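Colleague: Dumping the structure here so I can ask a few things about it.
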Amino acid sequence: MTRVPPLPVSQSIDSLRKARCILKHEGQHASALQTVAKVIKSIDGPLGIMITKHPRMTLTTAFIAGILLTLGFKDLYPYLKRRIRRQRWRSSPSTTPASVLGEGTRKVTLEDNSASNHLEVSISDISEGIGGCIGDTPLIRIKSLSEATGCEILGKAEFLNGAGNSPKDRVALSMIQMAEEEGLLTPHSGDAVYEGTVGSTGISSTFYPAPWILLKEMNSAHTPLIISCMPDDQATEKSDLLLKLGAKVERVRPASIVDQNQFVNKARSRAAEHTADPSRQGRGFFADQFENTANWRAHHSSTGPEIYRQCGGHLDAFVAGAGTGGTISGCALFLKPKLPNMKVVLADPQGSGLFNRIKYGVMFAPTEREGTRRRHQVDTIVEGIGINRVTANFEAAKELVDDAIRVNDEQAMAMARWLVEKDGIFVGSSSAVNCVAAVKVAMQLGAGNRIVTILCDSGTRHLSKFWARAGNVGGKADTKLEDVLNAGYEQ
Ligand SMILES: Cc1ncc(COP(=O)(O)O)c(C=O)c1O
């Protein structure tokens, strides 16, 4: 039998000293620090002298030291785990940090024996500023749709992201961090973020730079000025909110991507003008959510893994619309390799070209090509999803999209009303489109399947447009699911 030589006491002390230095340097975990200090003190002091004078006592001493070491590492362990996680995150800079997304929470069960009841508390359940409220959104069982279809229809409540109340919280964070890492954006330098955002006609995704502003609270060093270019026919709630939050908003008339005044092109050129102007401080950084792959990577590193974990690794279909394509691509790229039989289905509003792209490999009929129509590129009242070009973010996983379902405006409005009436869930237009498509997928797959879709934002962001058309809820309590699915097709 090979004998493992005992670790010399001096070496144990050295390791503990090192651990103490790391903890001190990081200024973390007071209780671990105290325990380590106690261990060092006891071995270093009388215990150490005793070992030197009475070598026979080594065995007893080693036993005692073992107990003390175990106590020390019991306290050290969670800290080291977090440290390793953080290091891992740093080594893949294009992902959203686990700490920001709320991981690393240590659950502790306190037992009250006298009352024989359990109380679950979390030591680190305090969020680090508003940025700490991004991600880890709930997965909601939509009872009415699940009962009506016999499938389990689950909605990822992205409107509960704590900063800007949409999945773009994750994306904004990812893009800003990547830009800072690449030296494209420097805090306190006068640099400003420019973005083309929110297209109510459907060309663009709905994007709220608001999280960037709110993120200032997370770390006051992050203070870029947001200049947002958006089409002027989108719901005014969003631009009002941006102005309130201190952003500058330039509303432009809806135009095709081939037009230099189109909102994304406008944001790009405004950023370039800023950089080129010597009289202005800092540089202009064009975030470019449509083509910037930090977008899908944010969903790949957070939304996808969350869904997988929340479903215990069991889901049969993932359904989502695409504006930039970041959500569907990031989630598909994470989920598909783990669940090759899972279907990825695109939910596409009327007028969008992606449905045809997925179904038939072509984007549109020549008469519908982007740039040929004067006003609305995507003729729908739905905001945030639907587009007539393949973006880099959609391209990233388009081969993983198995099917597409087209949803018309009437169906979307009927579904939005249904969700309030039956489940008390008040969402915006893209979420309603997603739910209609999820129901259709459930009907195709048959009872017993589990389908996950995205609840993107709240109906409060759509009061003046989508909900103004959808009308008030109430009066018709016996709506059937067929009524929702047949909406827009009645004689
Ligand atoms: C309202 C809304 N709908 C849909 C989406 C889906 O977007 P994307 O394809 O850009 O990930 C978003 C993204 O923020 C959104 O805010």
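Scheme for the structure tokens: letters A, B, ... for chains in order shown; per-chain residue numbers from 1; ligand numbers from 1 in order shown.
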Return as a list in words every polymer residue, whether protein, DNA or RNA, with at least one atom no more than 7 Å from an atom of ligand 1; count only C-alpha atoms and all ligand atoms.
Modeller: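 Final answer, ordered by chain and number: Ser166, Pro167, Lys168, Ser205, Thr206, Phe207, Gly321, Ala322, Gly323, Thr324, Gly325, Gly326, Thr327, Ile328, Glu383, Gly384, Ile385, Gly428, Ser430, Ser431, Cys456 and Asp457 of chain A.
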Colleague: Can you write out the residues you just picked, keeping N, CA and C atoms, as a PDB file, in the first residue's frame?
Modeller:
ATOM      1  N   SER A 166     -37.840  44.219 -20.096  1.00  0.00           N
ATOM      2  CA  SER A 166     -37.938  43.447 -21.337  1.00  0.00           C
ATOM      3  C   SER A 166     -36.670  42.603 -21.476  1.00  0.00           C
ATOM      4  N   PRO A 167     -36.676  41.652 -22.424  1.00  0.00           N
ATOM      5  CA  PRO A 167     -35.467  40.826 -22.586  1.00  0.00           C
ATOM      6  C   PRO A 167     -34.241  41.634 -22.981  1.00  0.00           C
ATOM      7  N   LYS A 168     -34.472  42.862 -23.440  1.00  0.00           N
ATOM      8  CA  LYS A 168     -33.339  43.687 -23.876  1.00  0.00           C
ATOM      9  C   LYS A 168     -32.461  44.136 -22.719  1.00  0.00           C
ATOM     10  N   SER A 205     -36.828  45.613 -34.077  1.00  0.00           N
ATOM     11  CA  SER A 205     -37.277  45.043 -32.810  1.00  0.00           C
ATOM     12  C   SER A 205     -37.639  46.192 -31.876  1.00  0.00           C
ATOM     13  N   THR A 206     -38.290  45.855 -30.839  1.00  0.00           N
ATOM     14  CA  THR A 206     -38.498  46.840 -29.783  1.00  0.00           C
ATOM     15  C   THR A 206     -37.280  46.768 -28.886  1.00  0.00           C
ATOM     16  N   PHE A 207     -36.705  47.880 -28.693  1.00  0.00           N
ATOM     17  CA  PHE A 207     -35.494  47.894 -27.873  1.00  0.00           C
ATOM     18  C   PHE A 207     -35.533  49.104 -26.962  1.00  0.00           C
ATOM     19  N   GLY A 321     -40.871  35.012 -31.425  1.00  0.00           N
ATOM     20  CA  GLY A 321     -40.819  35.899 -32.583  1.00  0.00           C
ATOM     21  C   GLY A 321     -39.401  36.423 -32.742  1.00  0.00           C
ATOM     22  N   ALA A 322     -39.168  37.115 -33.838  1.00  0.00           N
ATOM     23  CA  ALA A 322     -37.838  37.696 -34.053  1.00  0.00           C
ATOM     24  C   ALA A 322     -37.939  39.137 -34.528  1.00  0.00           C
ATOM     25  N   GLY A 323     -37.238  40.008 -33.810  1.00  0.00           N
ATOM     26  CA  GLY A 323     -37.068  41.399 -34.246  1.00  0.00           C
ATOM     27  C   GLY A 323     -35.647  41.478 -34.776  1.00  0.00           C
ATOM     28  N   THR A 324     -34.708  41.497 -33.846  1.00  0.00           N
ATOM     29  CA  THR A 324     -33.302  41.364 -34.251  1.00  0.00           C
ATOM     30  C   THR A 324     -32.967  39.903 -34.478  1.00  0.00           C
ATOM     31  N   GLY A 325     -33.718  39.007 -33.844  1.00  0.00           N
ATOM     32  CA  GLY A 325     -33.440  37.570 -33.915  1.00  0.00           C
ATOM     33  C   GLY A 325     -32.581  37.070 -32.758  1.00  0.00           C
ATOM     34  N   GLY A 326     -32.185  37.980 -31.884  1.00  0.00           N
ATOM     35  CA  GLY A 326     -31.286  37.604 -30.775  1.00  0.00           C
ATOM     36  C   GLY A 326     -31.882  36.558 -29.833  1.00  0.00           C
ATOM     37  N   THR A 327     -33.153  36.731 -29.484  1.00  0.00           N
ATOM     38  CA  THR A 327     -33.769  35.810 -28.516  1.00  0.00           C
ATOM     39  C   THR A 327     -33.871  34.405 -29.088  1.00  0.00           C
ATOM     40  N   ILE A 328     -34.467  34.290 -30.264  1.00  0.00           N
ATOM     41  CA  ILE A 328     -34.690  32.953 -30.826  1.00  0.00           C
ATOM     42  C   ILE A 328     -33.347  32.262 -31.109  1.00  0.00           C
ATOM     43  N   GLU A 383     -45.527  45.404 -32.415  1.00  0.00           N
ATOM     44  CA  GLU A 383     -44.228  46.068 -32.321  1.00  0.00           C
ATOM     45  C   GLU A 383     -43.192  45.134 -31.714  1.00  0.00           C
ATOM     46  N   GLY A 384     -42.005  45.177 -32.259  1.00  0.00           N
ATOM     47  CA  GLY A 384     -40.896  44.422 -31.659  1.00  0.00           C
ATOM     48  C   GLY A 384     -40.481  43.205 -32.453  1.00  0.00           C
ATOM     49  N   ILE A 385     -41.427  42.585 -33.149  1.00  0.00           N
ATOM     50  CA  ILE A 385     -41.054  41.417 -33.957  1.00  0.00           C
ATOM     51  C   ILE A 385     -41.573  41.576 -35.386  1.00  0.00           C
ATOM     52  N   GLY A 428     -47.858  42.820 -23.999  1.00  0.00           N
ATOM     53  CA  GLY A 428     -47.840  43.590 -25.234  1.00  0.00           C
ATOM     54  C   GLY A 428     -48.058  42.707 -26.454  1.00  0.00           C
ATOM     55  N   SER A 430     -46.148  41.568 -29.058  1.00  0.00           N
ATOM     56  CA  SER A 430     -45.298  40.444 -29.496  1.00  0.00           C
ATOM     57  C   SER A 430     -45.536  39.216 -28.617  1.00  0.00           C
ATOM     58  N   SER A 431     -45.808  39.437 -27.343  1.00  0.00           N
ATOM     59  CA  SER A 431     -46.103  38.309 -26.441  1.00  0.00           C
ATOM     60  C   SER A 431     -47.392  37.625 -26.875  1.00  0.00           C
ATOM     61  N   CYS A 456     -42.690  38.999 -23.648  1.00  0.00           N
ATOM     62  CA  CYS A 456     -41.624  39.997 -23.814  1.00  0.00           C
ATOM     63  C   CYS A 456     -41.801  41.245 -22.958  1.00  0.00           C
ATOM     64  N   ASP A 457     -42.934  41.897 -23.107  1.00  0.00           N
ATOM     65  CA  ASP A 457     -43.106  43.124 -22.327  1.00  0.00           C
ATOM     66  C   ASP A 457     -44.553  43.292 -21.898  1.00  0.00           C
TER      67      ASP A 457
END
Colleague: For Gly304 of chain A, find every residue with an atom within 8 Å (counting only C-alpha atoms), except residues of its own chain fewer than 4 positions away, and show them as JSON, numbers by chain.
Modeller: {"A": [299, 300, 308, 330, 331, 332, 334, 335]}
Colleague: May I have the residues within 7 Å of Gly162 of chain A as a CSV table (one decimal) with N, CA and C atoms, in the first residue's frame, using only C-alpha atoms and disregarding those fewer than 4 positions away in the same chain?
Modeller:
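Written output follows (selection.csv):
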chain,number,residue,atom,x,y,z
A,130,ILE,N,-29.9,47.8,-9.4
A,130,ILE,CA,-31.0,47.4,-10.3
A,130,ILE,C,-30.4,46.4,-11.4
A,133,CYS,N,-31.1,42.8,-10.8
A,133,CYS,CA,-32.5,42.3,-11.1
A,133,CYS,C,-32.7,41.9,-12.5
A,134,ILE,N,-31.6,41.8,-13.2
A,134,ILE,CA,-31.8,41.3,-14.6
A,134,ILE,C,-31.6,39.8,-14.7
Colleague: With distances taken over only C-alpha atoms, which of A:Val362, A:Val390, A:Ile176, A:Ala437 is nearest to Phe286 of chain A?
Modeller: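 Closest residue, counting only C-alpha atoms: A:Ile176.
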Colleague: Could you please write out, as an MDAnalysis selection string, every residue of segment 201-364 of chain A that DSSP assigns to helix (DSSP H, G or I)?
Modeller: chainID A and resid 210:218 236:244 263:276 294:310 326:338 354:360
Colleague: For segment 262-271 of chain A, please output as a count of residues only all residues within 9 Å (counting only C-alpha atoms; exclusion window: fewer than 6 positions along the same chain).
Modeller: 28
Colleague: Quick check, in Å to one decimal: how far apart do atom CA of Ala347 of chain A and atom CA of Ala148 of chain A lie?
Modeller: 19.6 Å
Colleague: Going by DSSP on the backbone, which residues of segment 163-328 of chain A come out as strand (DSSP E)? List them as a VMD selection string.
Modeller: chain A and resid 192 to 196 225 to 231 248 to 252 284 to 286 317 to 320
Colleague: Would you write out those residues with C-alpha atoms, as a PDB file, in the first residue's frame?
Modeller:
ATOM      1  CA  ALA A 192     -22.195  58.206 -26.011  1.00  0.00           C
ATOM      2  CA  VAL A 193     -24.205  55.174 -27.101  1.00  0.00           C
ATOM      3  CA  TYR A 194     -26.236  55.505 -30.293  1.00  0.00           C
ATOM      4  CA  GLU A 195     -28.879  52.959 -31.195  1.00  0.00           C
ATOM      5  CA  GLY A 196     -31.617  52.417 -33.728  1.00  0.00           C
ATOM      6  CA  LEU A 225     -25.442  59.177 -22.889  1.00  0.00           C
ATOM      7  CA  ILE A 226     -28.092  57.378 -24.915  1.00  0.00           C
ATOM      8  CA  ILE A 227     -29.113  58.782 -28.254  1.00  0.00           C
ATOM      9  CA  SER A 228     -31.892  56.754 -29.670  1.00  0.00           C
ATOM     10  CA  CYS A 229     -33.194  56.927 -33.214  1.00  0.00           C
ATOM     11  CA  MET A 230     -36.637  55.480 -33.677  1.00  0.00           C
ATOM     12  CA  PRO A 231     -39.460  55.532 -36.186  1.00  0.00           C
ATOM     13  CA  LYS A 248     -32.043  61.947 -26.279  1.00  0.00           C
ATOM     14  CA  VAL A 249     -34.556  60.697 -28.779  1.00  0.00           C
ATOM     15  CA  GLU A 250     -34.554  61.427 -32.474  1.00  0.00           C
ATOM     16  CA  ARG A 251     -37.761  60.300 -34.117  1.00  0.00           C
ATOM     17  CA  VAL A 252     -37.456  59.667 -37.817  1.00  0.00           C
ATOM     18  CA  GLY A 284     -20.033  57.878 -30.561  1.00  0.00           C
ATOM     19  CA  PHE A 285     -20.586  54.144 -30.112  1.00  0.00           C
ATOM     20  CA  PHE A 286     -23.177  52.552 -32.393  1.00  0.00           C
ATOM     21  CA  ALA A 317     -40.924  23.119 -28.344  1.00  0.00           C
ATOM     22  CA  PHE A 318     -39.569  26.638 -28.035  1.00  0.00           C
ATOM     23  CA  VAL A 319     -41.626  29.358 -29.723  1.00  0.00           C
ATOM     24  CA  ALA A 320     -40.492  32.977 -30.224  1.00  0.00           C
TER      25      ALA A 320
END
Colleague: Tell me which protein, DNA and RNA residues are within 7 Å of Val484 of chain A, counting only C-alpha atoms, leaving out same-chain ones fewer than 3 positions away, and put them as a list in words.
Modeller: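 With the cut-off at 7 Å, the set is Gln411, Ala414, Met415, Lys480, Leu481 and Ala487 of chain A.
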Colleague: Hey, can you check how far atom CA of Tyr489 of chain A sits from atom CA of Ala412 of chain A?
Modeller: 12.6 Å
Colleague: Using only C-alpha atoms, tabulate the residues of segment 328-364 of chain A lying at most 12 Å from any atom of segment 392-399 of chain A, each with its closest atom pair and that distance in Å to one decimal, by chain and increasing residue number, as CSV.
Modeller:
residue,atom,partner,partner_atom,distance
A:Ile328,CA,A:Phe394,CA,7.6
A:Ser329,CA,A:Ala397,CA,4.8
A:Gly330,CA,A:Ala397,CA,7.7
A:Cys331,CA,A:Ala397,CA,9.2
A:Ala332,CA,A:Ala397,CA,6.8
A:Leu333,CA,A:Ala397,CA,6.4
A:Phe334,CA,A:Ala397,CA,10.1
A:Leu335,CA,A:Ala397,CA,11.3
A:Lys336,CA,A:Ala397,CA,10.0
A:Pro337,CA,A:Ala397,CA,11.8
A:Lys343,CA,A:Glu399,CA,11.9
A:Val344,CA,A:Lys398,CA,9.8
A:Val345,CA,A:Lys398,CA,10.5
A:Leu346,CA,A:Lys398,CA,9.8
A:Leu354,CA,A:Phe394,CA,9.5
A:Phe355,CA,A:Lys398,CA,11.5
A:Arg357,CA,A:Lys398,CA,9.3
A:Ile358,CA,A:Lys398,CA,7.8
A:Lys359,CA,A:Lys398,CA,11.4
A:Gly361,CA,A:Lys398,CA,10.6
Colleague: Give me a file of those residues, with C-alpha atoms, as a PDB file, in the first residue's frame.
Modeller:
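Output contents, as saved in out.pdb:
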ATOM      1  CA  ILE A 328     -34.690  32.953 -30.826  1.00  0.00           C
ATOM      2  CA  SER A 329     -31.080  32.393 -31.941  1.00  0.00           C
ATOM      3  CA  GLY A 330     -29.477  32.556 -28.504  1.00  0.00           C
ATOM      4  CA  CYS A 331     -32.047  30.199 -26.981  1.00  0.00           C
ATOM      5  CA  ALA A 332     -32.006  27.805 -29.945  1.00  0.00           C
ATOM      6  CA  LEU A 333     -28.222  27.659 -29.957  1.00  0.00           C
ATOM      7  CA  PHE A 334     -28.235  26.730 -26.291  1.00  0.00           C
ATOM      8  CA  LEU A 335     -31.221  24.383 -26.217  1.00  0.00           C
ATOM      9  CA  LYS A 336     -30.964  22.458 -29.493  1.00  0.00           C
ATOM     10  CA  PRO A 337     -27.673  20.667 -28.803  1.00  0.00           C
ATOM     11  CA  LYS A 343     -38.794  22.017 -32.094  1.00  0.00           C
ATOM     12  CA  VAL A 344     -37.825  25.649 -32.521  1.00  0.00           C
ATOM     13  CA  VAL A 345     -40.733  27.567 -34.018  1.00  0.00           C
ATOM     14  CA  LEU A 346     -40.733  31.159 -35.219  1.00  0.00           C
ATOM     15  CA  LEU A 354     -39.243  35.632 -41.973  1.00  0.00           C
ATOM     16  CA  PHE A 355     -42.206  33.255 -42.170  1.00  0.00           C
ATOM     17  CA  ARG A 357     -37.789  32.498 -45.238  1.00  0.00           C
ATOM     18  CA  ILE A 358     -38.253  29.614 -42.808  1.00  0.00           C
ATOM     19  CA  LYS A 359     -41.068  27.878 -44.668  1.00  0.00           C
ATOM     20  CA  GLY A 361     -36.363  29.538 -48.150  1.00  0.00           C
TER      21      GLY A 361
END
Colleague: Nearest to Glu490 of chain A among A:His274, A:Glu410, A:Ile454, A:Met443, with distances taken over only C-alpha atoms: which residue is it?
Modeller: A:Glu410
Colleague: Measure the distance from atom CA of Arg141 of chain A to atom CA of Gly459 of chain A in Å and round it to one decimal.
Modeller: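 That distance, rounded to one decimal, is 18.7 Å.
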